[in-house]
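Okay, so here's the structure we're looking at.
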Number of protein chains: 2
Amino acid sequence: MELAPRKQKILSAIVKSYTLTGEPVGSKTLLNEADLEVSSATIRNEMADLTNKGFLIQPYTSAGRIPTQQGYRYYIDKIMSITPVSQSGRRYIESQLYESADSPESILQKASKLLSELTGLAAVATTPGGDEIRIHKISFVQTGSHTAMAVVIASNGIIKNRLFRCEFLITPEILEVFDKALNETFAGVKLSSVTQPFIQTAAAGFGELSLFMPGVLTAIKEAADKAKDVSICMSGQTNILYMHDDNFLNARNVIQFLNNTHDLAKMLENLPIHTSVSIGNENSRIELISSAVVSTRYEINGSPSGVLAVIGPVRIDYGRMISIIECVGDCVSSLISELIKI
Amino acid sequence: MELAPRKQKILSAIVKSYTLTGEPVGSKTLLNEADLEVSSATIRNEMADLTNKGFLIQPYTSAGRIPTQQGYRYYIDKIMSITPVSQSGRRYIESQLYESADSPESILQKASKLLSELTGLAAVATTPGGDEIRIHKISFVQTGSHTAMAVVIASNGIIKNRLFRCEFLITPEILEVFDKALNETFAGVKLSSVTQPFIQTAAAGFGELSLFMPGVLTAIKEAADKAKDVSICMSGQTNILYMHDDNFLNARNVIQFLNNTHDLAKMLENLPIHTSVSIGNENSRIELISSAVVSTRYEINGSPSGVLAVIGPVRIDYGRMISIIECVGDCVSSLISELIKI
DNA sequence: GGTTAGCACTCTAACACTAAGAGTGCTAAA
DNA sequence: TTTAGCACTCTTAGTGTTAGAGTGCTAACC
């Protein structure tokens with residue numbers, strides 16, 4: 001549906017004013033704030049029309065209007081223009097991220113922190129995942145006389161380790177044997193292929209050596225599982241408690257959902273590739289029915305990878321959020337791409 | 001101050017009833033619930049006396065009584081008796097923790113999860129810390145052509161790693177040289193001694209080798225710093241939002257405080273060695289003025305180490321919380337002691 | 001036909017008032 | 001010292017009332 005220019009202007013003004021103040025917007029307020037060169041009566045007529053069409057709603061008969069979900073949607077898709085983050089803002093973001101550029105995880109942790117600070121919302125970032133990730137290398141570090149650590153280095157730069165224990169005395173020589181045998185078997189293998197059956201087949205292939213290996217193989221599998229699972233970095237959860245204004249129950253539900261790693265990961269996984277906004281019931285989760293999610297994906301060497309998202313109430317400055325998240329996404333993309341190239 | 005037996009009985013009954021229902025307790029309720037063989041008038045007299053002495057308070061003139069902080073304190077110190085966790089409960093806790101017994105961190109993570117589930121409160125656990133922790137060993141894992149990972153294994157079983165990058169091509173031989181030289185220098189050194197000046201002195205000692213090392217040394221220092229910092233495992237934060245009944249602002253402050261790692265760590269560090277309870281303003285932090293903290297320390301090889309604590313509103317069943325936290329503390333102590341012995 | 005001024009109308013928020021109920025403290029008797 | 005009885009206090013929930021904000025509608029105007 002196309003709206004006449006004046007209606008657009010009115011809708012836009014209402015969205016902006018309501019975003020700023022949180023108060024329903026009346027025709028007189030609009031007359032003062034937006035430079036519409038018509039009277040309040042005309043505005044009222046237009047507002048009544050926008051209300052009929054489903055773009056605005058009145059909390060009660062004699063209150064001003066607030067945008068509906070459909071109103072926000074129209075505003076975002078058809079009216080809003082996005083001003084990219086300023087040069088100096090971008091430099092700030094770059095420099096902050098660069099400080100943490102020693103592993104993908106720490107970059108993403110920092111990115112979520114930055115996002116929550118810049119937007120004032122809750123922010124999440126997922127580590128890169130995907131079916132194509134392979135084991136780059138496995139290394140071993142002795143940690144005790146009967147314990148050692150398996151370090152799985154994945155092709156996406158993620159490094160996971162896991163302790164294991166052996167019945168026998170571990171020596172550097174034994175670890176070297178492990179190193180050789182296991183790298184031959186596992187290097188280049190997809191993380192998703194490292195299943196229990198795979199492990200068993202592998203063990204069978206080692207002949208009598210396999211007797212020494214149950215702990216090691218389990219450790220490798222568990223480290224590979226950890227590397228495969230996208231992990232979630234989160235910041236600014238408490239911001240949620242400062243926003244959903246009146247609605248405490250809602251804030252609680254959102255926080256509860258954010259703490260449910262499994263469901264959260266699933267939702268994030270299904271977010272689209274490009275920067276997008278989901279408002280209210282556009283979200284797949286009922287817990288976010290009064291929230292908005294602004295998300296994007298960072299790219300690793302040009303292909304879309306993990307997710308960056310901010311979560312807040314519906315009443316937010318979408319233009320600002322989008323420009324911030326896109327800027328952070330860009331910076332994360334280039335930093336991680338460079339980091340794991342080496 | 002000693003209270004007469006009947007007063008103790010009344011105080012005890014009020015604490016129990018209020019803990020259960022959250023409602024101020026009146027003389028008639030007390031008459032029904034506790035088997036005091038006197039009339040409600042007598043109870044009223046005693047309650048008036050307890051109120052004068054500061055053990056009880058009336059929210060308003062014609063309401064029942066609720067315990068004051070002093071009332072709870074007296075109840076805890078002089079009246080309450082603690083029933084240890086049942087055999088089967090203990091077995092459950094042991095088995096749950098045993099599943100995660102592959103590193104101190106994962107045991108503590110699991111312990112905090114268990115604590116929050118069993119108590120319904122927010123739970124925290126700190127990794128073992130202390131000035132006596134030394135570097136046990138340093139290992140290196142090559143992760144790329146110009147990047148590698150320094151793994152610092154500390155004497156308390158904590159393992160931390162950090163990536164570093166070199167200008168030159170890294171070969172296994174170079175890493176072996178690093179390994180030899182750096183273990184000679186760092187093995188046995190206290191984590192707290194690994195300071196910037198120490199690093200510089202060490203670098204000077206390496207002669208021309210030191211030219212290759214700036215990245216490595218920084219990585220070691222940072223890994224050592226990470227190992228030195230007690231890290232905090234937390235679970236059940238959202239429980240806070242379900243408890244502090246009416247008082248939303250309070251819940252928000254508590255959650256905010258729990259998310260402030262620095263201040264939280266400082267508070268936990270200063271908790272006493274033995275199981276203890278701090279109520280209201282007994283807490284060192286203003287944010288916890290309406291909360292109670294039940295804490296204990298687990299022991300590693302017999303000496304008190306990290307902290308376990310649960311944080312909730314003042315109205316909780318202290319006896320139950322203490323018995324749970326002590327049981328979890330015992331189990332953690334023996335599991336970690338056994339784990340790092342090896 | 002679109003725009004505007006004017007006005008009656010609706011609804012909320014804030015405040016005051018009332019009645020019922022819970023629980024007390026006090027007094028006088030046991 | 002304990003108890004029965006009663007007047008008293010204070011909260012809670014519900015009801016009315018009023019001021020104010022904002023509307024929709026109508027009739028006049030360009």
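Chain labels follow the order of the structure tokens: the first chain is A, the next B, and so on; residue numbering restarts at 1 in every chain, and ligands are counted from 1 in their shown order.
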message = Based on the backbone DSSP call, show me all residues of stretch 119-339 of chain A assigned alpha helix (DSSP H), as a VMD selection string.
response = chain A and resid 119 172 to 186 196 to 205 214 to 228 237 to 243 248 to 258 261 to 269 318 to 339
Sorted by chain and rising residue number, which residues of chain B lie within 8 Å of chain C, and what are their closest atom pairs and distances in Å to one decimal, counting only C-alpha atoms (C1' of nucleotides), as a tab-separated table?
residue	atom	partner	partner_atom	distance
B:Gly26	CA	C:DG23	C1'	6.6
B:Ser27	CA	C:DG23	C1'	7.9
B:Thr61	CA	C:DT24	C1'	7.0
B:Ser62	CA	C:DG23	C1'	4.6
B:Ala63	CA	C:DG23	C1'	5.6
B:Gly64	CA	C:DG23	C1'	6.4
Using C-alpha atoms, can you export the residues from the last selection as a short mmCIF file (atom, residue, chain, number, x, y, z; two decimals), in the first residue's frame?
data_model
loop_
_atom_site.label_atom_id
_atom_site.label_comp_id
_atom_site.auth_asym_id
_atom_site.auth_seq_id
_atom_site.Cartn_x
_atom_site.Cartn_y
_atom_site.Cartn_z
CA GLY B 26 -0.45 -11.82 63.30
CA SER B 27 -1.08 -13.19 66.75
CA THR B 61 0.00 -0.17 62.63
CA SER B 62 -2.54 -2.88 62.17
CA ALA B 63 -0.49 -5.41 60.27
CA GLY B 64 1.21 -8.50 61.61
#
key: Selection: 8 Å around B:Leu121, only C-alpha atoms (C1' of nucleotides), excl. self and same-chain fewer than 3 positions, as a ChimeraX atom specification   = /B:115-117,236-237,239-240,310-312
Produce a file of the selected residues containing N, CA and C atoms, as a PDB file, in the first residue's frame.
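File written: again-v5.pdb
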ATOM      1  N   LEU B 115      23.773 -24.991  42.257  1.00  0.00           N
ATOM      2  CA  LEU B 115      23.348 -24.159  43.386  1.00  0.00           C
ATOM      3  C   LEU B 115      22.123 -23.334  43.018  1.00  0.00           C
ATOM      4  N   SER B 116      22.146 -22.760  41.833  1.00  0.00           N
ATOM      5  CA  SER B 116      21.001 -21.912  41.492  1.00  0.00           C
ATOM      6  C   SER B 116      19.751 -22.752  41.302  1.00  0.00           C
ATOM      7  N   GLU B 117      19.940 -23.964  40.773  1.00  0.00           N
ATOM      8  CA  GLU B 117      18.758 -24.810  40.596  1.00  0.00           C
ATOM      9  C   GLU B 117      18.205 -25.297  41.934  1.00  0.00           C
ATOM     10  N   GLY B 236      21.604 -18.579  37.169  1.00  0.00           N
ATOM     11  CA  GLY B 236      20.323 -18.257  37.808  1.00  0.00           C
ATOM     12  C   GLY B 236      20.112 -16.786  38.081  1.00  0.00           C
ATOM     13  N   GLN B 237      20.779 -15.952  37.306  1.00  0.00           N
ATOM     14  CA  GLN B 237      20.552 -14.515  37.485  1.00  0.00           C
ATOM     15  C   GLN B 237      19.082 -14.153  37.398  1.00  0.00           C
ATOM     16  N   ASN B 239      16.627 -15.685  38.338  1.00  0.00           N
ATOM     17  CA  ASN B 239      15.876 -15.963  39.558  1.00  0.00           C
ATOM     18  C   ASN B 239      15.640 -14.694  40.356  1.00  0.00           C
ATOM     19  N   ILE B 240      16.629 -13.818  40.303  1.00  0.00           N
ATOM     20  CA  ILE B 240      16.508 -12.550  41.025  1.00  0.00           C
ATOM     21  C   ILE B 240      15.219 -11.835  40.638  1.00  0.00           C
ATOM     22  N   VAL B 310      25.323 -17.938  47.209  1.00  0.00           N
ATOM     23  CA  VAL B 310      24.017 -17.703  46.599  1.00  0.00           C
ATOM     24  C   VAL B 310      23.507 -16.363  47.084  1.00  0.00           C
ATOM     25  N   ILE B 311      22.800 -15.691  46.214  1.00  0.00           N
ATOM     26  CA  ILE B 311      22.329 -14.339  46.509  1.00  0.00           C
ATOM     27  C   ILE B 311      20.832 -14.275  46.255  1.00  0.00           C
ATOM     28  N   GLY B 312      20.113 -13.845  47.252  1.00  0.00           N
ATOM     29  CA  GLY B 312      18.667 -13.782  47.088  1.00  0.00           C
ATOM     30  C   GLY B 312      18.082 -12.736  48.011  1.00  0.00           C
TER      31      GLY B 312
END
Where does chain B meet chain A within 9 Å, residue by residue, with the nearest atom pair and distance in Å to one decimal for each, counting only C-alpha atoms, listed by chain and rising number, as JSON lines?
{"residue": "B:Asp102", "atom": "CA", "partner": "A:Leu163", "partner_atom": "CA", "distance": 6.1}
{"residue": "B:Ser103", "atom": "CA", "partner": "A:Leu163", "partner_atom": "CA", "distance": 7.1}
{"residue": "B:His136", "atom": "CA", "partner": "A:Thr143", "partner_atom": "CA", "distance": 8.5}
{"residue": "B:Lys137", "atom": "CA", "partner": "A:Thr143", "partner_atom": "CA", "distance": 7.8}
{"residue": "B:Ser139", "atom": "CA", "partner": "A:Val141", "partner_atom": "CA", "distance": 6.4}
{"residue": "B:Phe140", "atom": "CA", "partner": "A:Val141", "partner_atom": "CA", "distance": 7.9}
{"residue": "B:Val141", "atom": "CA", "partner": "A:Ser139", "partner_atom": "CA", "distance": 6.4}
{"residue": "B:Gln142", "atom": "CA", "partner": "A:Ser139", "partner_atom": "CA", "distance": 8.2}
{"residue": "B:Thr143", "atom": "CA", "partner": "A:Ile153", "partner_atom": "CA", "distance": 6.8}
{"residue": "B:Gly144", "atom": "CA", "partner": "A:Ile342", "partner_atom": "CA", "distance": 6.0}
{"residue": "B:Ser145", "atom": "CA", "partner": "A:Ile342", "partner_atom": "CA", "distance": 6.5}
{"residue": "B:His146", "atom": "CA", "partner": "A:Ile342", "partner_atom": "CA", "distance": 6.6}
{"residue": "B:Thr147", "atom": "CA", "partner": "A:Ile342", "partner_atom": "CA", "distance": 7.3}
{"residue": "B:Val151", "atom": "CA", "partner": "A:Val141", "partner_atom": "CA", "distance": 8.1}
{"residue": "B:Ile153", "atom": "CA", "partner": "A:Thr143", "partner_atom": "CA", "distance": 6.7}
{"residue": "B:Gly157", "atom": "CA", "partner": "A:Thr143", "partner_atom": "CA", "distance": 8.3}
{"residue": "B:Ile159", "atom": "CA", "partner": "A:Thr143", "partner_atom": "CA", "distance": 8.6}
{"residue": "B:Arg162", "atom": "CA", "partner": "A:Asp102", "partner_atom": "CA", "distance": 7.9}
{"residue": "B:Leu163", "atom": "CA", "partner": "A:Asp102", "partner_atom": "CA", "distance": 6.1}
{"residue": "B:Phe164", "atom": "CA", "partner": "A:Asp102", "partner_atom": "CA", "distance": 7.2}
{"residue": "B:Arg165", "atom": "CA", "partner": "A:Asp102", "partner_atom": "CA", "distance": 8.7}
{"residue": "B:Gly236", "atom": "CA", "partner": "A:Asn259", "partner_atom": "CA", "distance": 8.9}
{"residue": "B:Gln237", "atom": "CA", "partner": "A:Asn259", "partner_atom": "CA", "distance": 8.7}
{"residue": "B:Thr238", "atom": "CA", "partner": "A:Gln256", "partner_atom": "CA", "distance": 6.2}
{"residue": "B:Leu241", "atom": "CA", "partner": "A:Arg252", "partner_atom": "CA", "distance": 6.7}
{"residue": "B:Tyr242", "atom": "CA", "partner": "A:Arg252", "partner_atom": "CA", "distance": 8.3}
{"residue": "B:Phe248", "atom": "CA", "partner": "A:Phe248", "partner_atom": "CA", "distance": 7.8}
{"residue": "B:Arg252", "atom": "CA", "partner": "A:Leu241", "partner_atom": "CA", "distance": 6.7}
{"residue": "B:Ile255", "atom": "CA", "partner": "A:Thr238", "partner_atom": "CA", "distance": 7.1}
{"residue": "B:Gln256", "atom": "CA", "partner": "A:Thr238", "partner_atom": "CA", "distance": 6.2}
{"residue": "B:Asn259", "atom": "CA", "partner": "A:Thr238", "partner_atom": "CA", "distance": 8.1}
{"residue": "B:Ile340", "atom": "CA", "partner": "A:Gly144", "partner_atom": "CA", "distance": 8.4}
{"residue": "B:Lys341", "atom": "CA", "partner": "A:Gly144", "partner_atom": "CA", "distance": 8.8}
{"residue": "B:Ile342", "atom": "CA", "partner": "A:Gly144", "partner_atom": "CA", "distance": 6.0}
Save the residues we just selected, N, CA and C atoms, as an mmCIF file, in the first residue's frame?
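Output contents, as saved in result-v6.cif:
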data_model
loop_
_atom_site.group_PDB
_atom_site.id
_atom_site.type_symbol
_atom_site.label_atom_id
_atom_site.label_comp_id
_atom_site.auth_asym_id
_atom_site.auth_seq_id
_atom_site.Cartn_x
_atom_site.Cartn_y
_atom_site.Cartn_z
ATOM 1 N N ASP B 102 36.268 -32.251 34.534
ATOM 2 C CA ASP B 102 37.463 -32.298 33.705
ATOM 3 C C ASP B 102 38.344 -31.070 33.835
ATOM 4 N N SER B 103 37.875 -30.040 34.504
ATOM 5 C CA SER B 103 38.737 -28.901 34.817
ATOM 6 C C SER B 103 38.105 -28.151 35.976
ATOM 7 N N HIS B 136 53.182 -23.598 36.312
ATOM 8 C CA HIS B 136 53.669 -24.971 36.330
ATOM 9 C C HIS B 136 54.479 -25.237 35.063
ATOM 10 N N LYS B 137 53.945 -24.765 33.981
ATOM 11 C CA LYS B 137 54.577 -25.063 32.703
ATOM 12 C C LYS B 137 54.009 -24.137 31.627
ATOM 13 N N SER B 139 53.402 -24.128 27.404
ATOM 14 C CA SER B 139 53.531 -24.893 26.163
ATOM 15 C C SER B 139 53.127 -24.019 24.991
ATOM 16 N N PHE B 140 53.507 -24.482 23.809
ATOM 17 C CA PHE B 140 53.186 -23.708 22.613
ATOM 18 C C PHE B 140 52.495 -24.579 21.589
ATOM 19 N N VAL B 141 51.526 -24.008 20.946
ATOM 20 C CA VAL B 141 50.818 -24.720 19.893
ATOM 21 C C VAL B 141 50.798 -23.818 18.672
ATOM 22 N N GLN B 142 51.272 -24.344 17.567
ATOM 23 C CA GLN B 142 51.268 -23.533 16.355
ATOM 24 C C GLN B 142 49.858 -23.507 15.775
ATOM 25 N N THR B 143 49.389 -22.326 15.439
ATOM 26 C CA THR B 143 48.028 -22.234 14.915
ATOM 27 C C THR B 143 47.998 -21.727 13.480
ATOM 28 N N GLY B 144 49.085 -21.161 13.028
ATOM 29 C CA GLY B 144 49.131 -20.658 11.660
ATOM 30 C C GLY B 144 50.586 -20.454 11.290
ATOM 31 N N SER B 145 50.824 -19.913 10.102
ATOM 32 C CA SER B 145 52.211 -19.770 9.690
ATOM 33 C C SER B 145 52.922 -18.685 10.498
ATOM 34 N N HIS B 146 52.177 -17.679 10.934
ATOM 35 C CA HIS B 146 52.775 -16.614 11.734
ATOM 36 C C HIS B 146 52.113 -16.462 13.094
ATOM 37 N N THR B 147 51.260 -17.401 13.443
ATOM 38 C CA THR B 147 50.580 -17.291 14.742
ATOM 39 C C THR B 147 50.744 -18.579 15.529
ATOM 40 N N VAL B 151 50.285 -21.547 26.003
ATOM 41 C CA VAL B 151 49.408 -22.160 27.000
ATOM 42 C C VAL B 151 50.122 -22.124 28.335
ATOM 43 N N ILE B 153 50.057 -23.226 32.118
ATOM 44 C CA ILE B 153 49.433 -24.158 33.050
ATOM 45 C C ILE B 153 49.865 -23.770 34.456
ATOM 46 N N GLY B 157 45.877 -25.833 38.628
ATOM 47 C CA GLY B 157 45.082 -26.575 37.649
ATOM 48 C C GLY B 157 44.428 -25.699 36.600
ATOM 49 N N ILE B 159 44.215 -23.477 33.425
ATOM 50 C CA ILE B 159 44.962 -23.414 32.175
ATOM 51 C C ILE B 159 44.445 -22.245 31.357
ATOM 52 N N ARG B 162 46.652 -17.951 25.083
ATOM 53 C CA ARG B 162 46.589 -16.652 24.426
ATOM 54 C C ARG B 162 47.324 -16.754 23.094
ATOM 55 N N LEU B 163 46.728 -16.209 22.061
ATOM 56 C CA LEU B 163 47.375 -16.239 20.745
ATOM 57 C C LEU B 163 48.430 -15.151 20.629
ATOM 58 N N PHE B 164 49.442 -15.390 19.824
ATOM 59 C CA PHE B 164 50.359 -14.305 19.488
ATOM 60 C C PHE B 164 50.791 -14.439 18.037
ATOM 61 N N ARG B 165 51.342 -13.381 17.539
ATOM 62 C CA ARG B 165 51.719 -13.332 16.137
ATOM 63 C C ARG B 165 53.174 -12.933 16.034
ATOM 64 N N GLY B 236 21.604 -18.579 37.169
ATOM 65 C CA GLY B 236 20.323 -18.257 37.808
ATOM 66 C C GLY B 236 20.112 -16.786 38.081
ATOM 67 N N GLN B 237 20.779 -15.952 37.306
ATOM 68 C CA GLN B 237 20.552 -14.515 37.485
ATOM 69 C C GLN B 237 19.082 -14.153 37.398
ATOM 70 N N THR B 238 18.390 -14.799 36.478
ATOM 71 C CA THR B 238 16.981 -14.416 36.299
ATOM 72 C C THR B 238 16.135 -14.755 37.513
ATOM 73 N N LEU B 241 14.887 -11.915 39.362
ATOM 74 C CA LEU B 241 13.699 -11.195 38.886
ATOM 75 C C LEU B 241 12.406 -11.851 39.358
ATOM 76 N N TYR B 242 12.501 -13.080 39.806
ATOM 77 C CA TYR B 242 11.294 -13.756 40.265
ATOM 78 C C TYR B 242 11.127 -13.653 41.771
ATOM 79 N N PHE B 248 10.969 -4.110 42.174
ATOM 80 C CA PHE B 248 11.628 -4.252 40.882
ATOM 81 C C PHE B 248 12.945 -3.495 40.833
ATOM 82 N N ARG B 252 16.701 -4.955 39.955
ATOM 83 C CA ARG B 252 17.520 -4.395 38.894
ATOM 84 C C ARG B 252 18.901 -4.021 39.407
ATOM 85 N N ILE B 255 20.954 -7.209 39.921
ATOM 86 C CA ILE B 255 21.417 -7.779 38.660
ATOM 87 C C ILE B 255 22.539 -6.938 38.067
ATOM 88 N N GLN B 256 22.358 -5.643 38.159
ATOM 89 C CA GLN B 256 23.406 -4.751 37.666
ATOM 90 C C GLN B 256 24.717 -5.017 38.406
ATOM 91 N N ASN B 259 26.471 -8.101 37.341
ATOM 92 C CA ASN B 259 27.098 -7.994 36.030
ATOM 93 C C ASN B 259 28.356 -7.140 36.038
ATOM 94 N N ILE B 340 43.444 -31.808 40.649
ATOM 95 C CA ILE B 340 44.714 -31.114 40.411
ATOM 96 C C ILE B 340 45.871 -31.791 41.124
ATOM 97 N N LYS B 341 45.554 -32.846 41.888
ATOM 98 C CA LYS B 341 46.638 -33.590 42.523
ATOM 99 C C LYS B 341 47.498 -34.231 41.439
ATOM 100 N N ILE B 342 46.815 -34.666 40.415
ATOM 101 C CA ILE B 342 47.490 -35.475 39.393
ATOM 102 C C ILE B 342 48.423 -34.639 38.523
#
key: Nearby residues (only C-alpha atoms (C1' of nucleotides)) at most 6 Å from stretch 314-329 of chain A, same-chain spacing under 3 positions excluded, as a PyMOL selection string   = chain A and resi 19+82+84-85+291-292+298+332
Interface rows for chain B against chain D: nearest pair, Å to one decimal, 12 Å, only C-alpha atoms (C1' of nucleotides), as a Markdown table:
| residue | atom | partner | partner_atom | distance |
| --- | --- | --- | --- | --- |
| B:Glu37 | CA | D:DT2 | C1' | 11.2 |
| B:Val38 | CA | D:DT2 | C1' | 8.1 |
| B:Ser39 | CA | D:DT3 | C1' | 6.9 |
| B:Ser40 | CA | D:DT3 | C1' | 8.7 |
| B:Ala41 | CA | D:DT3 | C1' | 6.8 |
| B:Thr42 | CA | D:DT2 | C1' | 6.8 |
| B:Ile43 | CA | D:DT2 | C1' | 10.4 |
| B:Arg44 | CA | D:DT3 | C1' | 11.4 |
| B:Asn45 | CA | D:DT2 | C1' | 10.4 |
| B:Glu46 | CA | D:DT2 | C1' | 11.9 |
| B:Gln58 | CA | D:DC10 | C1' | 11.3 |
| B:Pro59 | CA | D:DC10 | C1' | 10.2 |
| B:Tyr60 | CA | D:DC10 | C1' | 6.7 |
| B:Thr61 | CA | D:DC10 | C1' | 5.7 |
| B:Ser62 | CA | D:DC10 | C1' | 5.6 |
| B:Ala63 | CA | D:DC10 | C1' | 8.0 |
| B:Gly64 | CA | D:DC10 | C1' | 11.7 |
Name all residues at most 9 Å from stretch 279-281 of chain A (count only C-alpha atoms (C1' of nucleotides); drop same-chain ones fewer than 6 positions away) and give them as a compact mmCIF listing (two decimals) with C-alpha atoms, in the first residue's frame.
# COMPACT_ATOMS: atom_id res chain seq x y z
CA GLN A 69 3.79 -2.62 14.23
CA TYR A 72 6.83 1.00 12.14
CA ARG A 73 7.23 -1.46 9.31
CA LEU A 288 9.98 -11.16 21.88
CA ILE A 289 6.41 -10.16 21.11
CA SER A 290 7.00 -6.70 22.56
CA SER A 291 10.56 -6.40 21.38
CA ALA A 292 12.46 -5.57 18.25
CA VAL A 293 15.55 -7.30 16.95
CA VAL A 294 17.99 -5.53 14.64
CA PRO A 313 11.81 -2.55 22.91
CA VAL A 314 9.82 -1.67 19.80
message = I'd like the interatomic distance between atom CA of A:Ile336 and atom CA of A:Ser284, to a tenth of an Å.
response =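 Answer for the atom CA of A:Ile336 to atom CA of A:Ser284 separation: 29.0 Å.
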request  = Do a neighbour search on A:Leu30 at 9 Å with only C-alpha atoms (C1' of nucleotides), toss out local chain neighbours closer than 4 positions, and write the hits as number ranges by chain.
outcome  = A: 10, 13-14, 17, 25-26, 34-36, 40, 43
key: Point-to-point distance from atom CA of B:Leu308 to atom CA of B:Gly130, Å rounded to tenths   =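 Pair atom CA of B:Leu308 / atom CA of B:Gly130 returns 15.5 Å.
If you look at atom CA of B:Asp229 and atom CA of B:Glu99, they are 25.5 Å away from each other.
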ask   = Which of these, B:Ile170, B:Ile135, B:Ile286, B:Val277, has the shortest distance to B:Ala224 once you count only C-alpha atoms?
value =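 Comparing B:Ile170, B:Ile135, B:Ile286, B:Val277 against B:Ala224, the winner is B:Ile135.
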